[in-house]
$ cat final00.txt   # compact mmCIF, C-alpha atoms
# COMPACT_ATOMS: atom_id res chain seq x y z
CA MET A 4 0.00 0.00 0.00
CA THR A 5 1.43 3.39 -0.97
CA ASN A 6 1.89 6.12 1.64
CA ARG A 7 -0.86 8.14 -0.05
CA ARG A 8 -3.34 5.27 0.14
CA LEU A 9 -2.29 4.48 3.70
CA ALA A 10 -3.00 8.06 4.74
CA MET A 11 -6.46 7.78 3.19
CA THR A 12 -7.45 4.88 5.44
CA GLN A 13 -5.52 5.38 8.65
CA GLY A 14 -6.73 7.50 11.56
CA PRO A 15 -6.53 7.25 15.35
CA LEU A 16 -8.39 3.92 15.38
CA GLU A 17 -6.76 2.35 12.34
CA GLU A 18 -3.31 3.17 13.73
CA ILE A 19 -3.88 1.04 16.83
CA SER A 20 -6.59 -1.46 15.84
CA LEU A 21 -5.48 -5.10 15.97
CA TRP A 22 -8.51 -5.97 13.86
CA TYR A 23 -7.31 -3.56 11.16
CA LYS A 24 -3.74 -4.84 11.43
CA TYR A 25 -4.49 -8.53 11.00
CA LYS A 26 -7.34 -8.18 8.54
CA SER A 27 -5.19 -6.01 6.28
CA ALA A 28 -2.38 -8.58 6.56
CA VAL A 29 -4.62 -11.39 5.29
CA TRP A 30 -7.18 -9.68 3.04
CA PRO A 31 -5.38 -8.87 -0.25
CA PRO A 32 -5.15 -5.26 -1.47
CA ILE A 33 -7.01 -4.67 -4.74
CA PHE A 34 -6.13 -1.49 -6.58
CA ALA A 35 -7.07 -0.46 -10.10
CA ASP A 36 -3.54 0.79 -10.79
CA SER A 37 -1.78 -2.33 -9.55
CA GLY A 38 -4.09 -5.13 -10.64
CA THR A 39 -5.93 -7.69 -8.58
CA LYS A 40 -4.04 -9.80 -6.10
CA GLU A 41 -5.54 -13.24 -5.71
CA PRO A 42 -6.47 -14.13 -2.13
CA SER A 43 -4.45 -16.87 -0.44
CA GLU A 44 -5.95 -20.26 0.35
CA GLN A 45 -5.96 -19.24 4.01
CA ALA A 46 -7.88 -16.03 3.27
CA ILE A 47 -10.49 -17.98 1.28
CA THR A 48 -10.87 -20.42 4.17
CA ILE A 49 -11.33 -17.55 6.64
CA HIS A 50 -13.94 -15.98 4.36
CA ASN A 51 -15.86 -19.25 4.18
CA ILE A 52 -15.75 -19.81 7.94
CA MET A 53 -17.15 -16.33 8.46
CA ARG A 54 -19.89 -16.94 5.86
CA VAL A 55 -20.98 -20.04 7.77
CA LEU A 56 -21.09 -18.11 11.06
CA ARG A 57 -23.10 -15.31 9.43
CA ALA A 58 -25.64 -17.91 8.33
CA PHE A 59 -26.62 -18.65 11.95
CA ARG A 60 -29.84 -16.84 12.83
CA ASN A 61 -31.32 -16.14 16.25
CA LEU A 62 -27.86 -16.48 17.80
CA THR A 63 -28.50 -13.81 20.41
CA ARG A 64 -25.65 -14.80 22.73
CA LEU A 65 -22.26 -16.37 22.06
CA ALA A 66 -19.41 -16.73 24.57
CA TYR A 67 -15.77 -16.88 23.52
CA ALA A 68 -13.32 -18.79 25.73
CA SER A 69 -9.95 -17.04 25.58
CA VAL A 70 -7.28 -19.62 26.38
CA PRO A 71 -3.50 -19.89 25.88
CA ILE A 72 -2.47 -22.11 22.99
CA THR A 73 1.23 -21.77 22.14
CA THR A 74 2.40 -19.57 25.02
CA GLY A 75 1.18 -19.01 28.57
CA ARG A 76 2.49 -19.41 32.09
CA TYR A 77 3.13 -23.16 31.75
CA TYR A 78 5.40 -22.51 28.76
CA TYR A 79 7.37 -19.79 30.52
CA GLU A 80 7.87 -21.92 33.62
CA ARG A 81 9.94 -24.45 31.65
CA PRO A 82 13.75 -23.99 31.89
CA LYS A 83 15.34 -21.98 29.07
CA ASN A 84 18.66 -23.17 27.62
CA GLY A 85 20.94 -21.71 24.97
CA GLY A 86 22.44 -23.05 21.73
CA MET A 87 21.05 -25.61 19.30
CA ALA A 88 20.22 -28.00 22.12
CA GLY A 89 18.27 -25.18 23.73
CA LEU A 90 16.31 -24.58 20.52
CA LEU A 91 15.38 -28.25 20.30
CA THR A 92 14.41 -28.23 23.96
CA MET A 93 12.20 -25.17 23.51
CA TRP A 94 10.51 -26.78 20.49
CA ALA A 95 9.71 -29.81 22.62
CA ILE A 96 8.53 -27.57 25.48
CA LYS A 97 6.25 -25.63 23.11
CA LYS A 98 4.72 -28.90 21.91
CA GLU A 99 4.25 -29.96 25.53
CA ALA A 100 2.77 -26.56 26.39
CA ILE A 101 0.23 -26.78 23.56
CA ALA A 102 -0.98 -30.15 24.88
CA HIS A 103 -1.14 -28.79 28.43
CA ASN A 104 -2.94 -25.63 27.33
CA TYR A 105 -5.52 -27.60 25.38
CA ALA A 106 -6.35 -29.79 28.37
CA ALA A 107 -6.51 -26.83 30.74
CA GLY A 108 -8.56 -24.85 28.23
CA PHE A 109 -11.05 -27.66 27.77
CA GLU A 110 -11.46 -27.92 31.53
CA PHE A 111 -12.13 -24.18 31.60
CA VAL A 112 -14.80 -24.63 28.93
CA ARG A 113 -16.37 -27.42 30.99
CA GLN A 114 -16.60 -24.99 33.91
CA LEU A 115 -18.17 -22.36 31.64
CA MET A 116 -20.70 -24.91 30.42
CA SER A 117 -21.82 -25.50 33.98
CA ARG A 118 -22.69 -21.84 34.52
CA LEU A 119 -23.51 -20.38 31.09
CA ASP A 120 -26.75 -20.97 29.21
CA CYS A 121 -25.42 -20.19 25.75
CA PRO A 122 -23.09 -21.60 23.07
CA ILE A 123 -19.37 -21.38 23.88
CA LEU A 124 -16.68 -21.08 21.24
CA PHE A 125 -13.42 -22.88 22.09
CA PRO A 126 -10.78 -21.65 19.58
CA ALA A 127 -8.24 -24.36 20.43
CA ASP A 128 -10.52 -26.88 18.70
CA LEU A 129 -9.75 -25.36 15.30
CA THR A 130 -7.01 -27.34 13.59
CA THR A 131 -6.47 -26.60 9.92
CA SER A 132 -6.31 -29.40 7.37
CA HIS A 133 -4.10 -29.37 4.26
CA GLN A 134 -3.08 -25.76 4.88
CA GLU A 135 -0.22 -24.10 6.70
CA TRP A 136 -1.50 -21.27 8.91
CA GLU A 137 0.62 -18.59 10.52
CA GLN A 138 -0.36 -16.60 13.61
CA GLU A 139 -1.73 -13.79 11.42
CA HIS A 140 -4.27 -16.16 9.85
CA PHE A 141 -5.57 -17.37 13.21
CA LEU A 142 -5.77 -13.81 14.54
CA ALA A 143 -7.53 -12.54 11.42
CA LEU A 144 -10.13 -15.26 11.93
CA TRP A 145 -10.67 -15.00 15.68
CA LEU A 146 -10.70 -11.21 15.80
CA ASN A 147 -13.39 -11.28 13.11
CA VAL A 148 -15.38 -13.95 14.96
CA ILE A 149 -15.27 -12.01 18.23
CA ALA A 150 -16.28 -8.74 16.58
CA GLU A 151 -19.00 -10.12 14.33
CA ARG A 152 -20.69 -12.71 16.52
CA CYS A 153 -19.70 -12.72 20.19
CA THR A 154 -21.43 -11.08 23.13
CA GLU A 155 -18.97 -12.00 25.88
CA LEU A 156 -15.31 -12.90 26.36
CA HIS A 157 -14.29 -15.26 29.17
CA MET A 158 -10.60 -15.10 30.08
CA SER A 159 -9.04 -18.28 31.44
CA LYS A 160 -6.86 -18.28 34.53
CA ASP A 161 -3.45 -16.61 33.96
CA TRP A 162 -4.60 -15.28 30.58
CA GLU A 163 -2.24 -12.32 30.97
CA PHE A 164 0.75 -14.64 30.36
CA SER A 165 -0.53 -15.53 26.87
CA ASN A 166 0.20 -13.38 23.82
CA GLY A 167 -2.97 -14.49 22.07
CA CYS A 168 -5.24 -13.95 25.08
CA CYS A 169 -3.82 -10.48 25.64
CA MET A 170 -4.48 -9.55 22.01
CA GLU A 171 -8.06 -10.79 22.28
CA PHE A 172 -8.54 -8.69 25.41
CA VAL A 173 -7.10 -5.63 23.64
CA HIS A 174 -9.36 -6.28 20.63
CA VAL A 175 -12.55 -6.27 22.70
CA MET A 176 -11.52 -3.06 24.44
CA GLN A 177 -10.76 -1.46 21.07
CA LEU A 178 -14.25 -2.37 19.83
CA ARG A 179 -15.50 0.24 22.32
CA LEU A 180 -13.96 2.80 19.96
CA GLY A 181 -16.07 1.83 16.94
CA LEU A 182 -15.24 0.29 13.56
CA PRO A 183 -11.98 0.71 11.62
CA HIS A 184 -12.11 1.79 7.98
CA GLY A 185 -10.54 -0.39 5.29
CA GLU A 186 -10.05 0.77 1.71
CA ASN A 187 -10.92 -2.49 -0.03
CA TRP A 188 -12.82 -4.42 2.62
CA THR A 189 -15.52 -3.67 5.12
CA PHE A 190 -15.50 -4.09 8.88
CA TYR A 191 -19.26 -4.32 8.83
CA ASN A 192 -20.26 -7.67 7.30
CA MET A 193 -22.95 -8.75 9.72
CA ILE A 194 -26.48 -9.74 8.78
CA GLU A 195 -28.12 -7.50 11.39
CA HIS A 196 -28.53 -3.73 11.22
CA GLU A 197 -25.30 -1.83 11.72
CA GLU A 198 -26.66 0.17 14.65
CA THR A 199 -27.60 -3.04 16.47
CA GLU A 200 -24.25 -4.66 15.75
CA ARG A 201 -22.27 -1.61 16.79
CA LYS A 202 -24.09 -1.62 20.11
CA ARG A 203 -23.28 -5.32 20.63
CA MET A 204 -19.61 -4.86 19.76
CA ARG A 205 -19.31 -1.84 22.01
CA ASN A 206 -20.77 -3.79 24.92
CA ILE A 207 -19.03 -7.16 24.68
CA ALA A 208 -18.64 -8.16 28.33
CA VAL A 209 -15.28 -9.45 29.60
CA PHE A 210 -14.98 -11.81 32.57
CA ASP A 211 -12.16 -13.56 34.41
CA HIS A 212 -12.08 -17.34 34.96
CA GLU A 213 -14.36 -16.98 37.99
CA GLY A 214 -16.95 -14.94 36.14
CA LYS A 215 -15.99 -11.57 37.61
CA PRO A 216 -16.06 -8.57 35.24
CA LEU A 217 -12.70 -7.33 33.91
CA SER A 218 -12.15 -3.67 33.06
CA ILE A 219 -9.46 -2.15 30.88
CA GLU A 220 -7.71 -1.01 34.07
CA ASP A 221 -7.75 -4.59 35.38
CA GLY A 222 -6.17 -5.78 32.14
CA ILE A 223 -3.43 -3.16 32.27
CA ARG A 224 -2.49 -4.12 35.82
CA LYS A 225 -2.45 -7.83 35.00
CA ILE A 226 -0.29 -7.46 31.91
CA GLU A 227 2.15 -5.18 33.73
CA SER A 228 2.55 -7.85 36.41
CA SER A 229 2.92 -10.75 33.96
CA MET A 230 5.52 -8.85 31.93
CA ALA A 231 7.72 -8.35 34.97
CA TRP A 232 7.46 -12.05 35.81
CA ILE A 233 8.22 -13.21 32.24
CA LYS A 234 11.21 -10.86 31.98
CA GLY A 235 12.54 -12.49 35.13
CA LYS A 236 12.44 -15.81 33.28
CA ARG A 237 14.55 -14.26 30.47
CA PHE A 238 11.85 -14.47 27.80
CA ASP A 239 10.91 -11.82 25.25
CA VAL A 240 7.88 -9.69 26.12
CA GLU A 241 7.65 -7.62 22.92
CA THR A 242 4.07 -8.71 22.16
CA LEU A 243 2.88 -7.99 25.69
CA GLU A 244 4.60 -4.61 25.62
CA GLU A 245 2.71 -3.78 22.44
CA CYS A 246 -0.57 -4.95 24.00
CA LEU A 247 0.08 -2.72 27.00
CA ARG A 248 0.84 0.26 24.75
CA LEU A 249 -2.38 -0.32 22.80
CA LEU A 250 -4.43 -0.62 25.98
CA HIS A 251 -3.09 2.68 27.31
CA ARG A 252 -3.86 4.38 23.98
CA THR A 253 -7.31 2.79 23.90
CA GLU A 254 -7.97 3.94 27.46
CA ASP A 255 -7.01 7.49 26.49
CA LEU A 256 -9.33 7.50 23.48
CA ILE A 257 -12.23 6.08 25.49
CA GLY A 258 -11.64 8.73 28.13
CA SER A 259 -11.71 11.48 25.48
CA GLY A 260 -15.06 10.24 24.16
CA PHE A 261 -13.65 9.05 20.82
CA TYR A 262 -15.98 6.87 18.76
CA GLN A 263 -15.82 6.09 15.05

$ encode --input "final00.txt" --output "structure tokens"
Amino acid sequence: MTNRRLAMTQGPLEEISLWYKYKSAVWPPIFADSGTKEPSEQAITIHNIMRVLRAFRNLTRLAYASVPITTGRYYYERPKNGGMAGLLTMWAIKKEAIAHNYAAGFEFVRQLMSRLDCPILFPADLTTSHQEWEQEHFLALWLNVIAERCTELHMSKDWEFSNGCCMEFVHVMQLRLGLPHGENWTFYNMIEHEETERKRMRNIAVFDHEGKPLSIEDGIRKIESSMAWIKGKRFDVETLEECLRLLHRTEDLIGSGFYQ
């Protein structure tokens, strides 16, 4: 995207929106002066998943279970070694962490099922077949799902140690600022009236693993604490630092009354 075109689409919300960032990374740019770029197989799959979800009618309530998948406290608690042996060890630890996170996440969903009277979406159950997906593909999908269909976000225990969970928390808080603008795609694809959907997105409730409401201030405090702990384990916290920066900026915009 040229600087001129970027300036046409970016404003205060687009500059910080994770939804904008990951949708623009996956949805191909289509410009008259540069030809049409064919969408990737992953983008087509994401489109089709979203079309199926949009086909559900009378889905007045949908809970999203935010759980660690590839990172999280369990992963960071494993010993970190250097060199090639260390890389192989970390690969094995990541594989072990994914298995642990799935089991813990499913137990969390079981607890949610005992107290919620609505469908619950468990993202760890999505495993792609015959396609290689990167993190940006998963995030483009789940951020769209949360924005378009969900009414509540339930954060699992120790969610603040997970890069993915933190980004989902940031995303829901950013939805309180309105809808980003994309030049060649829309951020309003829902089957209901836009006014109704904007109200739902702006009011997606966020709860901790015990069902207690979480505010943006709660999230900031939790991520600050988890970052200090992870740094002490000699792991990179770049993603969490970015989440924290985005939350502070989002908090400022909410406080100023910004809405797009």

$ atom_distance --input "final00.txt" --atom1 "atom CA of Leu250 of chain A" --atom2 "atom CA of Met170 of chain A"
9.8 Å

$ closest_residue --input "final00.txt" --among "A:Ala58, A:Ala127, A:Ala102, A:Met176" --to "Glu195 of chain A" --atoms "all atoms listed in the file"
A:Ala58

$ closest_residue --input "final00.txt" --among "A:Glu241, A:His157, A:Gln138, A:Leu16" --to "Lys215 of chain A" --atoms "all atoms listed in the file"
A:His157

$ residues_around --input "final00.txt" --residues "Asp239 of chain A" --least-positions-apart "2" --cutoff "12 Å" --atoms "all atoms listed in the file" --output "VMD selection string"
chain A and resid 74 79 83 164 166 229 to 237 241 to 245

$ closest_residue --input "final00.txt" --among "A:Ala46, A:Leu256, A:Val240, A:Ala66" --to "Pro15 of chain A" --atoms "all atoms listed in the file"
A:Leu256

$ closest_residue --input "final00.txt" --among "A:Cys121, A:Ile49, A:Ala68, A:Leu247" --to "Leu142 of chain A" --atoms "all atoms listed in the file"
A:Ile49

$ residues_around --input "final00.txt" --residues "Glu254 of chain A" --least-positions-apart "6" --cutoff "12 Å" --atoms "all atoms listed in the file" --output "PyMOL selection string"
chain A and resi 19+173+176-180+218-223+247-248+260-261

$ residues_around --input "final00.txt" --residues "Thr154 of chain A" --least-positions-apart "6" --cutoff "12 Å" --atoms "all atoms listed in the file" --output "count of residues only"
25

$ closest_atom_pairs --input "final00.txt" --of "segment 72-186 of chain A" --to "segment 24-30 of chain A" --cutoff "12 Å" --atoms "all atoms listed in the file" --output "CSV"
residue,atom,partner,partner_atom,distance
A:Trp136,CA,A:Val29,CA,11.0
A:Glu137,CA,A:Val29,CA,10.3
A:Gln138,CA,A:Tyr25,CA,9.4
A:Glu139,CA,A:Tyr25,CA,6.0
A:His140,CA,A:Val29,CA,6.6
A:Phe141,CA,A:Tyr25,CA,9.2
A:Leu142,CA,A:Tyr25,CA,6.5
A:Ala143,CA,A:Tyr25,CA,5.0
A:Leu144,CA,A:Lys26,CA,8.3
A:Trp145,CA,A:Tyr25,CA,10.1
A:Leu146,CA,A:Tyr25,CA,8.3
A:Asn147,CA,A:Lys26,CA,8.2
A:Val148,CA,A:Lys26,CA,11.8
A:Met170,CA,A:Tyr25,CA,11.1
A:His174,CA,A:Lys24,CA,10.9
A:Pro183,CA,A:Lys24,CA,9.9
A:His184,CA,A:Ser27,CA,10.6
A:Gly185,CA,A:Ser27,CA,7.8
A:Glu186,CA,A:Ser27,CA,9.5

$ write_last_selection --input "final00.txt" --atoms "C-alpha atoms" --output "PDB file, keeping the file's coordinate frame"
ATOM      1  CA  TRP A 136      -1.500 -21.270   8.910  1.00  0.00           C
ATOM      2  CA  GLU A 137       0.620 -18.590  10.520  1.00  0.00           C
ATOM      3  CA  GLN A 138      -0.360 -16.600  13.610  1.00  0.00           C
ATOM      4  CA  GLU A 139      -1.730 -13.790  11.420  1.00  0.00           C
ATOM      5  CA  HIS A 140      -4.270 -16.160   9.850  1.00  0.00           C
ATOM      6  CA  PHE A 141      -5.570 -17.370  13.210  1.00  0.00           C
ATOM      7  CA  LEU A 142      -5.770 -13.810  14.540  1.00  0.00           C
ATOM      8  CA  ALA A 143      -7.530 -12.540  11.420  1.00  0.00           C
ATOM      9  CA  LEU A 144     -10.130 -15.260  11.930  1.00  0.00           C
ATOM     10  CA  TRP A 145     -10.670 -15.000  15.680  1.00  0.00           C
ATOM     11  CA  LEU A 146     -10.700 -11.210  15.800  1.00  0.00           C
ATOM     12  CA  ASN A 147     -13.390 -11.280  13.110  1.00  0.00           C
ATOM     13  CA  VAL A 148     -15.380 -13.950  14.960  1.00  0.00           C
ATOM     14  CA  MET A 170      -4.480  -9.550  22.010  1.00  0.00           C
ATOM     15  CA  HIS A 174      -9.360  -6.280  20.630  1.00  0.00           C
ATOM     16  CA  PRO A 183     -11.980   0.710  11.620  1.00  0.00           C
ATOM     17  CA  HIS A 184     -12.110   1.790   7.980  1.00  0.00           C
ATOM     18  CA  GLY A 185     -10.540  -0.390   5.290  1.00  0.00           C
ATOM     19  CA  GLU A 186     -10.050   0.770   1.710  1.00  0.00           C
TER      20      GLU A 186
END

$ closest_residue --input "final00.txt" --among "A:Leu115, A:Glu135, A:Gly14, A:Thr73" --to "Ser43 of chain A" --atoms "only C-alpha atoms"
A:Glu135

$ atom_distance --input "final00.txt" --atom1 "atom CA of Val70 of chain A" --atom2 "atom CA of Asp255 of chain A"
27.1 Å

$ axis_aligned_box --input "final00.txt" --around "segment 121-135 of chain A" --padding-each-side "5 Å" --output "JSON"
{"center_x": -12.8, "center_y": -24.8, "center_z": 15.0, "size_x": 35.2, "size_y": 19.2, "size_z": 31.5}
